[in-house]
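Visitor: I am attaching a structure below and will ask some questions about it afterwards.
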Amino acid sequence: MDLKTIKAFQTIVISGSFNRAAEELNYAQSTVTMQMQRLESDLGCQLLERGKQISLTDAGRLFYEQSLHIVKDMERLQSQLADLKIGEAGNVRIGVTDPTASYRLPQLLSSFMTRFPKIKVSVEIAGTGALSELLLRGEIDMAVCSGPELGKELYFEPLFAEEFVLLMPEAHPLASKESITPEDLRDHRLLITAVNCPYRKKLESVLQESGGAPLDTMEIGSMTALKYFVESGLGVALVPEIVLKPALAGTVVRKLEGRVIDMTCGILCKLSDYPLKLASSRLYHFLKQELTSTRIF
């Protein structure tokens, strides 16, 4: 018993004739007859009363009513499997670091899921190190973050540069300077992110090159929260320029001179999974196109 045979049975019931059913299905009448004989044999009961008028037996009536649901469910399943095969449906688990998670991804995912409504996406927000481990354990399919540590079995494709600027209260002593160097920061409290944050590691590398006395720092665990601590007058912070849209009242933005501290970001996935397939590939190429359109390299 297959789907075509069940559909042939339904067509006979609706049309009331083997001949009309055969014409509608573009089969030979003998084919339709054999299908019904095989179906009744498989089920072990008679479904149709043959004669001048085709009528249903009690078993035929029960089978017809139930087969309507069977065919509908099977057609839906076939459609879903076809969508899955071409990447039009499926589940994708993506990891993202801030500020991309808060300032870029919502709008991008809205556009993607409008275009591919059958693809379900779940989002994990964490730092690059944590996302790298999730990828290696197979708990997410890809990540949008900064480059991973060397030696990891991961594939990283750089797509854009996260631009950083200095944010400070407008009454801060450095606010009057148009050009600020790393050395200027040593006399003022610097708000920094958590110790395992790649943004902080790069900042510390730049500041260490300038030498001098130890910095006066205050650790803030959230990249996106830094601007609010600056707004409260607690210090100066290097923040991604994208988080300042709109800018906070009572603060000013300055560029840090010297070595560039912008952070390269891109898409990260497990090396053994690259290139990604099915729904994951759809999202990968969508994000690649959208994020590359604003690259600054």
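Ligands are numbered from 1 in the order shown, residues from 1 within each chain, and chains are lettered A, B, ... in the order they appear in the structure tokens.
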Residues at most 8 Å from Asp184 in chain A, counting only C-alpha atoms, excluding those fewer than 4 positions away in the same chain, as a ChimeraX atom specification?
Guide: /A:174,180,188
Visitor: Hey, what's within 7 Å of Glu88 in chain A if we count only C-alpha atoms and toss same-chain stuff fewer than 3 positions away? As JSON, numbers by chain, please?
Guide: {"A": [83, 84, 116, 118, 119, 279]}
Visitor: For the residues in that selection, give me all heavy atoms as a compact mmCIF listing (two decimals), in the first residue's frame.
Guide:
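File produced: selection.txt:
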# COMPACT_ATOMS: atom_id res chain seq x y z
N ASP A 83 11.87 20.43 1.74
CA ASP A 83 12.40 21.72 2.21
C ASP A 83 13.69 21.52 2.98
O ASP A 83 14.65 22.29 2.85
CB ASP A 83 11.37 22.42 3.09
CG ASP A 83 10.19 22.97 2.31
OD1 ASP A 83 10.34 23.18 1.09
OD2 ASP A 83 9.13 23.19 2.90
N LEU A 84 13.72 20.46 3.80
CA LEU A 84 14.91 20.17 4.60
C LEU A 84 16.08 19.83 3.69
O LEU A 84 17.22 20.28 3.92
CB LEU A 84 14.61 19.00 5.54
CG LEU A 84 15.62 18.70 6.63
CD1 LEU A 84 15.69 19.85 7.62
CD2 LEU A 84 15.26 17.41 7.35
N PHE A 116 13.05 32.94 5.05
CA PHE A 116 13.02 31.48 5.24
C PHE A 116 12.20 31.15 6.49
O PHE A 116 12.76 30.80 7.54
CB PHE A 116 14.45 30.93 5.38
CG PHE A 116 15.34 31.22 4.21
CD1 PHE A 116 16.30 32.22 4.27
CD2 PHE A 116 15.22 30.49 3.03
CE1 PHE A 116 17.12 32.50 3.19
CE2 PHE A 116 16.04 30.75 1.95
CZ PHE A 116 16.99 31.76 2.02
N LYS A 118 10.49 28.70 7.44
CA LYS A 118 10.49 27.32 7.94
C LYS A 118 11.78 26.95 8.67
O LYS A 118 11.91 25.85 9.18
CB LYS A 118 10.25 26.34 6.78
CG LYS A 118 8.89 26.51 6.12
CD LYS A 118 8.73 25.57 4.93
CE LYS A 118 7.41 25.80 4.21
NZ LYS A 118 7.27 24.91 3.01
N ILE A 119 12.73 27.89 8.69
CA ILE A 119 13.99 27.65 9.42
C ILE A 119 13.87 28.25 10.81
O ILE A 119 13.58 29.44 10.97
CB ILE A 119 15.19 28.25 8.68
CG1 ILE A 119 15.39 27.55 7.33
CG2 ILE A 119 16.46 28.11 9.52
CD1 ILE A 119 16.55 28.09 6.50
N ALA A 279 20.14 24.03 6.21
CA ALA A 279 19.67 25.30 6.76
C ALA A 279 20.83 26.12 7.33
O ALA A 279 20.82 27.36 7.22
CB ALA A 279 18.61 25.05 7.83
Visitor: When you draw a straight line from CA of Leu203 in chain A to CA of Ile261 in chain A, how long is it in Å?
Guide: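 Here the two named atoms are 6.6 Å from each other.
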Visitor: Would you pick out the contacts of range 240-253 of chain A at 9 Å or less, using only C-alpha atoms, so that residues sharing its chain but fewer than 3 positions from it are not included, and give the list as a list in words?
Guide: Pro99, Thr100, Ser102, Tyr103, Arg104, Glu162, Glu163, Phe164, Val165, Leu166, Leu167, Met168, Pro169, Glu170, Ala171, His172, Ala175, Met223, Thr224, Lys227, Tyr228, Val230, Glu231 and Asp262 of chain A
Visitor: Those same residues - N, CA and C atoms - I'd like them written as a compact mmCIF listing (two decimals), in the first residue's frame.
Guide:
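Written out: result-v9.txt:
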# COMPACT_ATOMS: atom_id res chain seq x y z
N PRO A 99 29.02 43.36 20.74
CA PRO A 99 27.73 44.02 20.55
C PRO A 99 26.90 43.51 19.37
N THR A 100 27.45 42.58 18.57
CA THR A 100 26.69 42.09 17.41
C THR A 100 25.36 41.49 17.83
N SER A 102 23.38 42.29 20.21
CA SER A 102 22.38 43.29 20.59
C SER A 102 22.08 44.30 19.49
N TYR A 103 23.08 44.63 18.67
CA TYR A 103 22.93 45.75 17.74
C TYR A 103 22.84 45.36 16.27
N ARG A 104 23.23 44.15 15.91
CA ARG A 104 23.16 43.74 14.50
C ARG A 104 22.21 42.56 14.28
N GLU A 162 35.16 45.62 14.01
CA GLU A 162 34.39 46.35 15.03
C GLU A 162 35.20 47.57 15.43
N GLU A 163 34.70 48.76 15.08
CA GLU A 163 35.43 50.00 15.37
C GLU A 163 35.22 50.43 16.82
N PHE A 164 36.33 50.78 17.48
CA PHE A 164 36.26 51.22 18.87
C PHE A 164 36.60 52.71 18.98
N VAL A 165 35.93 53.36 19.93
CA VAL A 165 36.18 54.78 20.20
C VAL A 165 36.25 54.97 21.72
N LEU A 166 36.82 56.10 22.12
CA LEU A 166 36.86 56.46 23.54
C LEU A 166 35.59 57.22 23.91
N LEU A 167 34.94 56.77 24.96
CA LEU A 167 33.74 57.45 25.46
C LEU A 167 34.05 58.00 26.85
N MET A 168 33.69 59.24 27.09
CA MET A 168 33.97 59.86 28.39
C MET A 168 32.89 60.88 28.72
N PRO A 169 32.75 61.21 30.01
CA PRO A 169 31.81 62.26 30.38
C PRO A 169 32.25 63.58 29.75
N GLU A 170 31.32 64.44 29.38
CA GLU A 170 31.69 65.69 28.71
C GLU A 170 32.47 66.63 29.62
N ALA A 171 32.40 66.42 30.94
CA ALA A 171 33.17 67.25 31.87
C ALA A 171 34.52 66.63 32.22
N HIS A 172 34.86 65.52 31.60
CA HIS A 172 36.12 64.83 31.89
C HIS A 172 37.30 65.67 31.40
N ALA A 175 38.26 65.44 27.77
CA ALA A 175 37.25 65.79 26.77
C ALA A 175 37.67 66.99 25.93
N MET A 223 30.00 44.41 27.96
CA MET A 223 30.43 45.36 26.96
C MET A 223 29.37 46.43 26.70
N THR A 224 28.12 46.01 26.61
CA THR A 224 27.05 46.96 26.28
C THR A 224 26.70 47.85 27.46
N LYS A 227 28.83 51.97 28.49
CA LYS A 227 28.46 53.35 28.21
C LYS A 227 27.64 53.97 29.34
N TYR A 228 26.87 53.14 30.06
CA TYR A 228 26.05 53.67 31.15
C TYR A 228 26.90 54.00 32.38
N VAL A 230 30.01 55.05 32.07
CA VAL A 230 30.64 56.31 31.65
C VAL A 230 29.66 57.45 31.86
N GLU A 231 28.42 57.25 31.49
CA GLU A 231 27.40 58.29 31.64
C GLU A 231 27.27 58.74 33.10
N ASP A 262 40.80 48.35 16.65
CA ASP A 262 39.59 47.74 16.10
C ASP A 262 39.73 46.21 16.09
Visitor: Identify, with DSSP run on backbone atoms, the residues in range 101-238 of chain A assigned to strand (DSSP E), and express the list as a ChimeraX atom specification.
Guide: /A:119-125,142-146,154-162,164-169,190-192,217-219,236-238
Visitor: Next, the residues of the selection above should be written as an mmCIF file, in the first residue's frame with N, CA and C atoms.
Guide:
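As a result, part.cif now contains:
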data_model
loop_
_atom_site.group_PDB
_atom_site.id
_atom_site.type_symbol
_atom_site.label_atom_id
_atom_site.label_comp_id
_atom_site.auth_asym_id
_atom_site.auth_seq_id
_atom_site.Cartn_x
_atom_site.Cartn_y
_atom_site.Cartn_z
ATOM 1 N N ILE A 119 12.733 27.891 8.692
ATOM 2 C CA ILE A 119 13.986 27.645 9.420
ATOM 3 C C ILE A 119 13.868 28.254 10.814
ATOM 4 N N LYS A 120 14.089 27.426 11.828
ATOM 5 C CA LYS A 120 14.041 27.888 13.211
ATOM 6 C C LYS A 120 15.464 28.162 13.702
ATOM 7 N N VAL A 121 15.637 29.301 14.355
ATOM 8 C CA VAL A 121 16.967 29.711 14.810
ATOM 9 C C VAL A 121 16.953 29.906 16.322
ATOM 10 N N SER A 122 17.935 29.345 17.010
ATOM 11 C CA SER A 122 18.128 29.605 18.435
ATOM 12 C C SER A 122 19.462 30.328 18.603
ATOM 13 N N VAL A 123 19.528 31.226 19.577
ATOM 14 C CA VAL A 123 20.694 32.100 19.742
ATOM 15 C C VAL A 123 21.311 31.922 21.120
ATOM 16 N N GLU A 124 22.619 31.728 21.148
ATOM 17 C CA GLU A 124 23.394 31.650 22.390
ATOM 18 C C GLU A 124 24.318 32.860 22.419
ATOM 19 N N ILE A 125 24.250 33.669 23.467
ATOM 20 C CA ILE A 125 25.082 34.873 23.587
ATOM 21 C C ILE A 125 26.177 34.612 24.626
ATOM 22 N N MET A 142 27.291 27.399 14.455
ATOM 23 C CA MET A 142 28.205 28.452 13.999
ATOM 24 C C MET A 142 28.180 29.573 15.021
ATOM 25 N N ALA A 143 29.103 30.516 14.862
ATOM 26 C CA ALA A 143 29.143 31.662 15.763
ATOM 27 C C ALA A 143 29.584 32.898 14.998
ATOM 28 N N VAL A 144 29.106 34.051 15.442
ATOM 29 C CA VAL A 144 29.586 35.338 14.940
ATOM 30 C C VAL A 144 30.350 35.975 16.088
ATOM 31 N N CYS A 145 31.672 36.117 15.924
ATOM 32 C CA CYS A 145 32.517 36.543 17.037
ATOM 33 C C CYS A 145 33.866 36.998 16.509
ATOM 34 N N SER A 146 34.789 37.262 17.417
ATOM 35 C CA SER A 146 36.160 37.578 17.021
ATOM 36 C C SER A 146 36.903 36.275 16.742
ATOM 37 N N LEU A 154 38.921 24.855 14.445
ATOM 38 C CA LEU A 154 37.830 25.731 14.041
ATOM 39 C C LEU A 154 38.191 26.485 12.769
ATOM 40 N N TYR A 155 37.180 26.806 11.983
ATOM 41 C CA TYR A 155 37.358 27.593 10.760
ATOM 42 C C TYR A 155 36.773 28.981 11.002
ATOM 43 N N PHE A 156 37.571 30.018 10.756
ATOM 44 C CA PHE A 156 37.134 31.400 10.980
ATOM 45 C C PHE A 156 37.230 32.187 9.686
ATOM 46 N N GLU A 157 36.134 32.829 9.305
ATOM 47 C CA GLU A 157 36.119 33.673 8.115
ATOM 48 C C GLU A 157 35.886 35.122 8.535
ATOM 49 N N PRO A 158 36.918 35.980 8.489
ATOM 50 C CA PRO A 158 36.745 37.390 8.885
ATOM 51 C C PRO A 158 35.833 38.133 7.922
ATOM 52 N N LEU A 159 34.938 38.944 8.493
ATOM 53 C CA LEU A 159 33.960 39.641 7.661
ATOM 54 C C LEU A 159 33.942 41.153 7.858
ATOM 55 N N PHE A 160 34.169 41.628 9.080
ATOM 56 C CA PHE A 160 34.103 43.067 9.308
ATOM 57 C C PHE A 160 34.968 43.423 10.517
ATOM 58 N N ALA A 161 35.239 44.716 10.655
ATOM 59 C CA ALA A 161 36.016 45.209 11.790
ATOM 60 C C ALA A 161 35.112 45.985 12.732
ATOM 61 N N GLU A 162 35.157 45.621 14.006
ATOM 62 C CA GLU A 162 34.393 46.346 15.032
ATOM 63 C C GLU A 162 35.200 47.571 15.431
ATOM 64 N N PHE A 164 36.326 50.785 17.485
ATOM 65 C CA PHE A 164 36.264 51.220 18.874
ATOM 66 C C PHE A 164 36.598 52.709 18.980
ATOM 67 N N VAL A 165 35.926 53.359 19.932
ATOM 68 C CA VAL A 165 36.182 54.776 20.205
ATOM 69 C C VAL A 165 36.255 54.970 21.715
ATOM 70 N N LEU A 166 36.821 56.098 22.123
ATOM 71 C CA LEU A 166 36.857 56.456 23.536
ATOM 72 C C LEU A 166 35.586 57.216 23.908
ATOM 73 N N LEU A 167 34.936 56.772 24.964
ATOM 74 C CA LEU A 167 33.743 57.453 25.463
ATOM 75 C C LEU A 167 34.052 57.995 26.847
ATOM 76 N N MET A 168 33.692 59.243 27.090
ATOM 77 C CA MET A 168 33.967 59.859 28.387
ATOM 78 C C MET A 168 32.889 60.884 28.719
ATOM 79 N N PRO A 169 32.746 61.206 30.006
ATOM 80 C CA PRO A 169 31.810 62.263 30.380
ATOM 81 C C PRO A 169 32.255 63.584 29.754
ATOM 82 N N LEU A 190 40.040 53.846 33.901
ATOM 83 C CA LEU A 190 39.618 53.230 32.649
ATOM 84 C C LEU A 190 38.671 52.072 32.971
ATOM 85 N N LEU A 191 37.503 52.117 32.406
ATOM 86 C CA LEU A 191 36.525 51.045 32.595
ATOM 87 C C LEU A 191 36.812 49.944 31.571
ATOM 88 N N ILE A 192 36.963 48.711 32.042
ATOM 89 C CA ILE A 192 37.342 47.609 31.150
ATOM 90 C C ILE A 192 36.384 46.434 31.338
ATOM 91 N N THR A 217 42.044 50.932 36.832
ATOM 92 C CA THR A 217 40.961 50.306 36.073
ATOM 93 C C THR A 217 39.804 49.904 36.976
ATOM 94 N N MET A 218 38.649 49.750 36.342
ATOM 95 C CA MET A 218 37.451 49.248 37.014
ATOM 96 C C MET A 218 36.807 48.251 36.060
ATOM 97 N N GLU A 219 36.642 47.020 36.525
ATOM 98 C CA GLU A 219 36.125 45.970 35.647
ATOM 99 C C GLU A 219 34.602 45.971 35.611
ATOM 100 N N VAL A 236 36.479 56.484 31.945
ATOM 101 C CA VAL A 236 36.565 56.494 30.482
ATOM 102 C C VAL A 236 36.522 55.046 30.003
ATOM 103 N N ALA A 237 35.942 54.799 28.827
ATOM 104 C CA ALA A 237 35.891 53.432 28.308
ATOM 105 C C ALA A 237 36.101 53.430 26.808
ATOM 106 N N LEU A 238 36.782 52.390 26.331
ATOM 107 C CA LEU A 238 36.859 52.130 24.900
ATOM 108 C C LEU A 238 35.686 51.209 24.558
#
Visitor: From the options A:Ala194, A:Ser232, A:Arg186, A:Arg137, which residue's atoms come nearest to Asp216 in chain A, counting only C-alpha atoms?
Guide: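 Residue with the minimum atom-to-atom distance to Asp216 in chain A: A:Arg186.
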Visitor: Give me the residues near Gly60 in chain A as a list in words, where near means some atom within 12 Å (using only C-alpha atoms) and where sequence neighbours in that chain fewer than 5 positions away do not count.
Guide: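 Residues meeting the cut-off are Ile6, Phe9, Gln10, Ile12, Val13, Met36, Leu39, Glu40, Leu43, Gly44, Cys45, Gln46, Leu47, Leu48, Glu49, Ile54, Ser55, Glu65, Gln66 and Ser67 of chain A.
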Visitor: So that I have them on file, write out the residues from the current selection with all heavy atoms, as a compact mmCIF listing (two decimals), in the first residue's frame.
Guide:
# COMPACT_ATOMS: atom_id res chain seq x y z
N ILE A 6 -3.50 4.93 -2.44
CA ILE A 6 -4.53 5.55 -1.58
C ILE A 6 -5.19 6.72 -2.32
O ILE A 6 -6.41 6.89 -2.26
CB ILE A 6 -3.90 6.02 -0.25
CG1 ILE A 6 -3.35 4.82 0.52
CG2 ILE A 6 -4.93 6.76 0.59
CD1 ILE A 6 -2.61 5.19 1.78
N PHE A 9 -7.63 5.40 -4.80
CA PHE A 9 -8.87 5.00 -4.12
C PHE A 9 -9.74 6.22 -3.84
O PHE A 9 -10.96 6.20 -4.08
CB PHE A 9 -8.51 4.27 -2.83
CG PHE A 9 -9.68 4.06 -1.90
CD1 PHE A 9 -10.67 3.13 -2.19
CD2 PHE A 9 -9.80 4.81 -0.73
CE1 PHE A 9 -11.75 2.95 -1.34
CE2 PHE A 9 -10.87 4.63 0.12
CZ PHE A 9 -11.85 3.70 -0.18
N GLN A 10 -9.16 7.28 -3.33
CA GLN A 10 -9.92 8.49 -3.03
C GLN A 10 -10.53 9.08 -4.30
O GLN A 10 -11.67 9.57 -4.29
CB GLN A 10 -9.02 9.52 -2.35
CG GLN A 10 -8.57 9.12 -0.95
CD GLN A 10 -7.63 10.13 -0.33
OE1 GLN A 10 -7.15 11.05 -1.00
NE2 GLN A 10 -7.35 9.98 0.96
N ILE A 12 -11.42 7.46 -7.01
CA ILE A 12 -12.55 6.61 -7.41
C ILE A 12 -13.80 6.99 -6.60
O ILE A 12 -14.89 7.12 -7.15
CB ILE A 12 -12.21 5.13 -7.19
CG1 ILE A 12 -11.12 4.68 -8.17
CG2 ILE A 12 -13.45 4.25 -7.36
CD1 ILE A 12 -10.57 3.30 -7.88
N VAL A 13 -13.61 7.18 -5.30
CA VAL A 13 -14.75 7.52 -4.44
C VAL A 13 -15.34 8.87 -4.84
O VAL A 13 -16.57 9.03 -4.94
CB VAL A 13 -14.31 7.55 -2.96
CG1 VAL A 13 -15.45 8.05 -2.07
CG2 VAL A 13 -13.84 6.16 -2.51
N MET A 36 -6.65 -1.22 -6.88
CA MET A 36 -7.70 -1.46 -5.90
C MET A 36 -7.70 -2.92 -5.44
O MET A 36 -7.93 -3.21 -4.26
CB MET A 36 -9.06 -1.10 -6.49
CG MET A 36 -9.26 0.41 -6.72
SD MET A 36 -8.90 1.41 -5.24
CE MET A 36 -7.23 1.99 -5.60
N LEU A 39 -4.88 -3.20 -3.01
CA LEU A 39 -5.18 -2.50 -1.76
C LEU A 39 -6.12 -3.34 -0.89
O LEU A 39 -5.88 -3.51 0.31
CB LEU A 39 -5.82 -1.15 -2.07
CG LEU A 39 -6.25 -0.29 -0.87
CD1 LEU A 39 -5.04 0.02 0.02
CD2 LEU A 39 -6.91 1.01 -1.34
N GLU A 40 -7.16 -3.89 -1.50
CA GLU A 40 -8.10 -4.71 -0.73
C GLU A 40 -7.43 -5.98 -0.23
O GLU A 40 -7.70 -6.45 0.89
CB GLU A 40 -9.32 -5.04 -1.59
CG GLU A 40 -10.21 -3.81 -1.84
CD GLU A 40 -11.35 -4.10 -2.79
OE1 GLU A 40 -11.19 -4.93 -3.72
OE2 GLU A 40 -12.44 -3.48 -2.62
N LEU A 43 -5.28 -5.06 2.77
CA LEU A 43 -6.08 -4.74 3.96
C LEU A 43 -6.90 -5.93 4.44
O LEU A 43 -7.35 -5.97 5.58
CB LEU A 43 -7.02 -3.56 3.66
CG LEU A 43 -6.34 -2.22 3.38
CD1 LEU A 43 -7.36 -1.18 2.94
CD2 LEU A 43 -5.59 -1.72 4.62
N GLY A 44 -7.11 -6.90 3.54
CA GLY A 44 -7.86 -8.09 3.92
C GLY A 44 -9.35 -7.87 4.01
O GLY A 44 -10.05 -8.60 4.73
N CYS A 45 -9.85 -6.87 3.30
CA CYS A 45 -11.29 -6.61 3.30
C CYS A 45 -11.69 -5.87 2.03
O CYS A 45 -10.86 -5.23 1.39
CB CYS A 45 -11.72 -5.80 4.53
SG CYS A 45 -10.87 -4.20 4.68
N GLN A 46 -12.99 -5.96 1.69
CA GLN A 46 -13.48 -5.28 0.50
C GLN A 46 -13.81 -3.84 0.84
O GLN A 46 -14.48 -3.56 1.84
CB GLN A 46 -14.73 -6.01 -0.03
CG GLN A 46 -15.25 -5.45 -1.35
CD GLN A 46 -16.44 -6.25 -1.88
OE1 GLN A 46 -16.75 -7.32 -1.37
NE2 GLN A 46 -17.10 -5.71 -2.89
N LEU A 47 -13.37 -2.93 -0.02
CA LEU A 47 -13.60 -1.51 0.20
C LEU A 47 -14.72 -0.96 -0.69
O LEU A 47 -15.42 -0.02 -0.29
CB LEU A 47 -12.32 -0.70 -0.07
CG LEU A 47 -11.09 -1.07 0.78
CD1 LEU A 47 -9.89 -0.25 0.32
CD2 LEU A 47 -11.35 -0.86 2.26
N LEU A 48 -14.85 -1.52 -1.90
CA LEU A 48 -15.78 -0.99 -2.89
C LEU A 48 -16.77 -2.05 -3.35
O LEU A 48 -16.40 -3.22 -3.57
CB LEU A 48 -15.02 -0.46 -4.10
CG LEU A 48 -14.04 0.70 -3.86
CD1 LEU A 48 -13.15 0.89 -5.07
CD2 LEU A 48 -14.79 1.98 -3.52
N GLU A 49 -18.04 -1.65 -3.48
CA GLU A 49 -19.06 -2.49 -4.10
C GLU A 49 -19.08 -2.13 -5.58
O GLU A 49 -19.39 -0.99 -5.94
CB GLU A 49 -20.42 -2.23 -3.46
CG GLU A 49 -20.54 -2.64 -2.01
CD GLU A 49 -20.70 -4.14 -1.84
OE1 GLU A 49 -20.68 -4.86 -2.86
OE2 GLU A 49 -20.81 -4.59 -0.68
N ILE A 54 -20.55 2.77 -8.20
CA ILE A 54 -19.55 2.39 -7.20
C ILE A 54 -20.03 2.87 -5.84
O ILE A 54 -20.43 4.03 -5.68
CB ILE A 54 -18.18 3.03 -7.52
CG1 ILE A 54 -17.64 2.49 -8.85
CG2 ILE A 54 -17.18 2.75 -6.40
CD1 ILE A 54 -17.30 1.03 -8.84
N SER A 55 -19.99 2.02 -4.86
CA SER A 55 -20.36 2.42 -3.50
C SER A 55 -19.35 1.85 -2.51
O SER A 55 -18.62 0.90 -2.81
CB SER A 55 -21.77 1.94 -3.15
OG SER A 55 -21.84 0.52 -3.19
N GLU A 65 -12.41 7.76 5.18
CA GLU A 65 -12.36 8.87 6.14
C GLU A 65 -10.97 8.99 6.76
O GLU A 65 -10.43 10.09 6.91
CB GLU A 65 -13.42 8.66 7.22
CG GLU A 65 -14.85 8.79 6.70
CD GLU A 65 -15.89 8.39 7.74
OE1 GLU A 65 -15.47 7.88 8.82
OE2 GLU A 65 -17.09 8.57 7.48
N GLN A 66 -10.39 7.86 7.14
CA GLN A 66 -9.06 7.90 7.77
C GLN A 66 -7.97 8.22 6.75
O GLN A 66 -6.97 8.86 7.08
CB GLN A 66 -8.77 6.56 8.44
CG GLN A 66 -9.68 6.24 9.61
CD GLN A 66 -9.57 7.26 10.73
OE1 GLN A 66 -8.47 7.68 11.09
NE2 GLN A 66 -10.72 7.68 11.26
N SER A 67 -8.15 7.78 5.51
CA SER A 67 -7.12 7.99 4.49
C SER A 67 -6.97 9.46 4.13
O SER A 67 -5.89 9.90 3.69
CB SER A 67 -7.43 7.18 3.23
OG SER A 67 -8.54 7.72 2.52
Visitor: With only C-alpha atoms as the counted atoms, please give the residues lying no more than 9 Å from Gly129 in chain A, apart from itself and same-chain residues fewer than 2 positions off, as a list in words.
Guide: Ala126, Gly127, Leu131, Ser132, Glu133, Leu134, Pro148, Glu149, Asn196, Cys197 and Pro198 of chain A
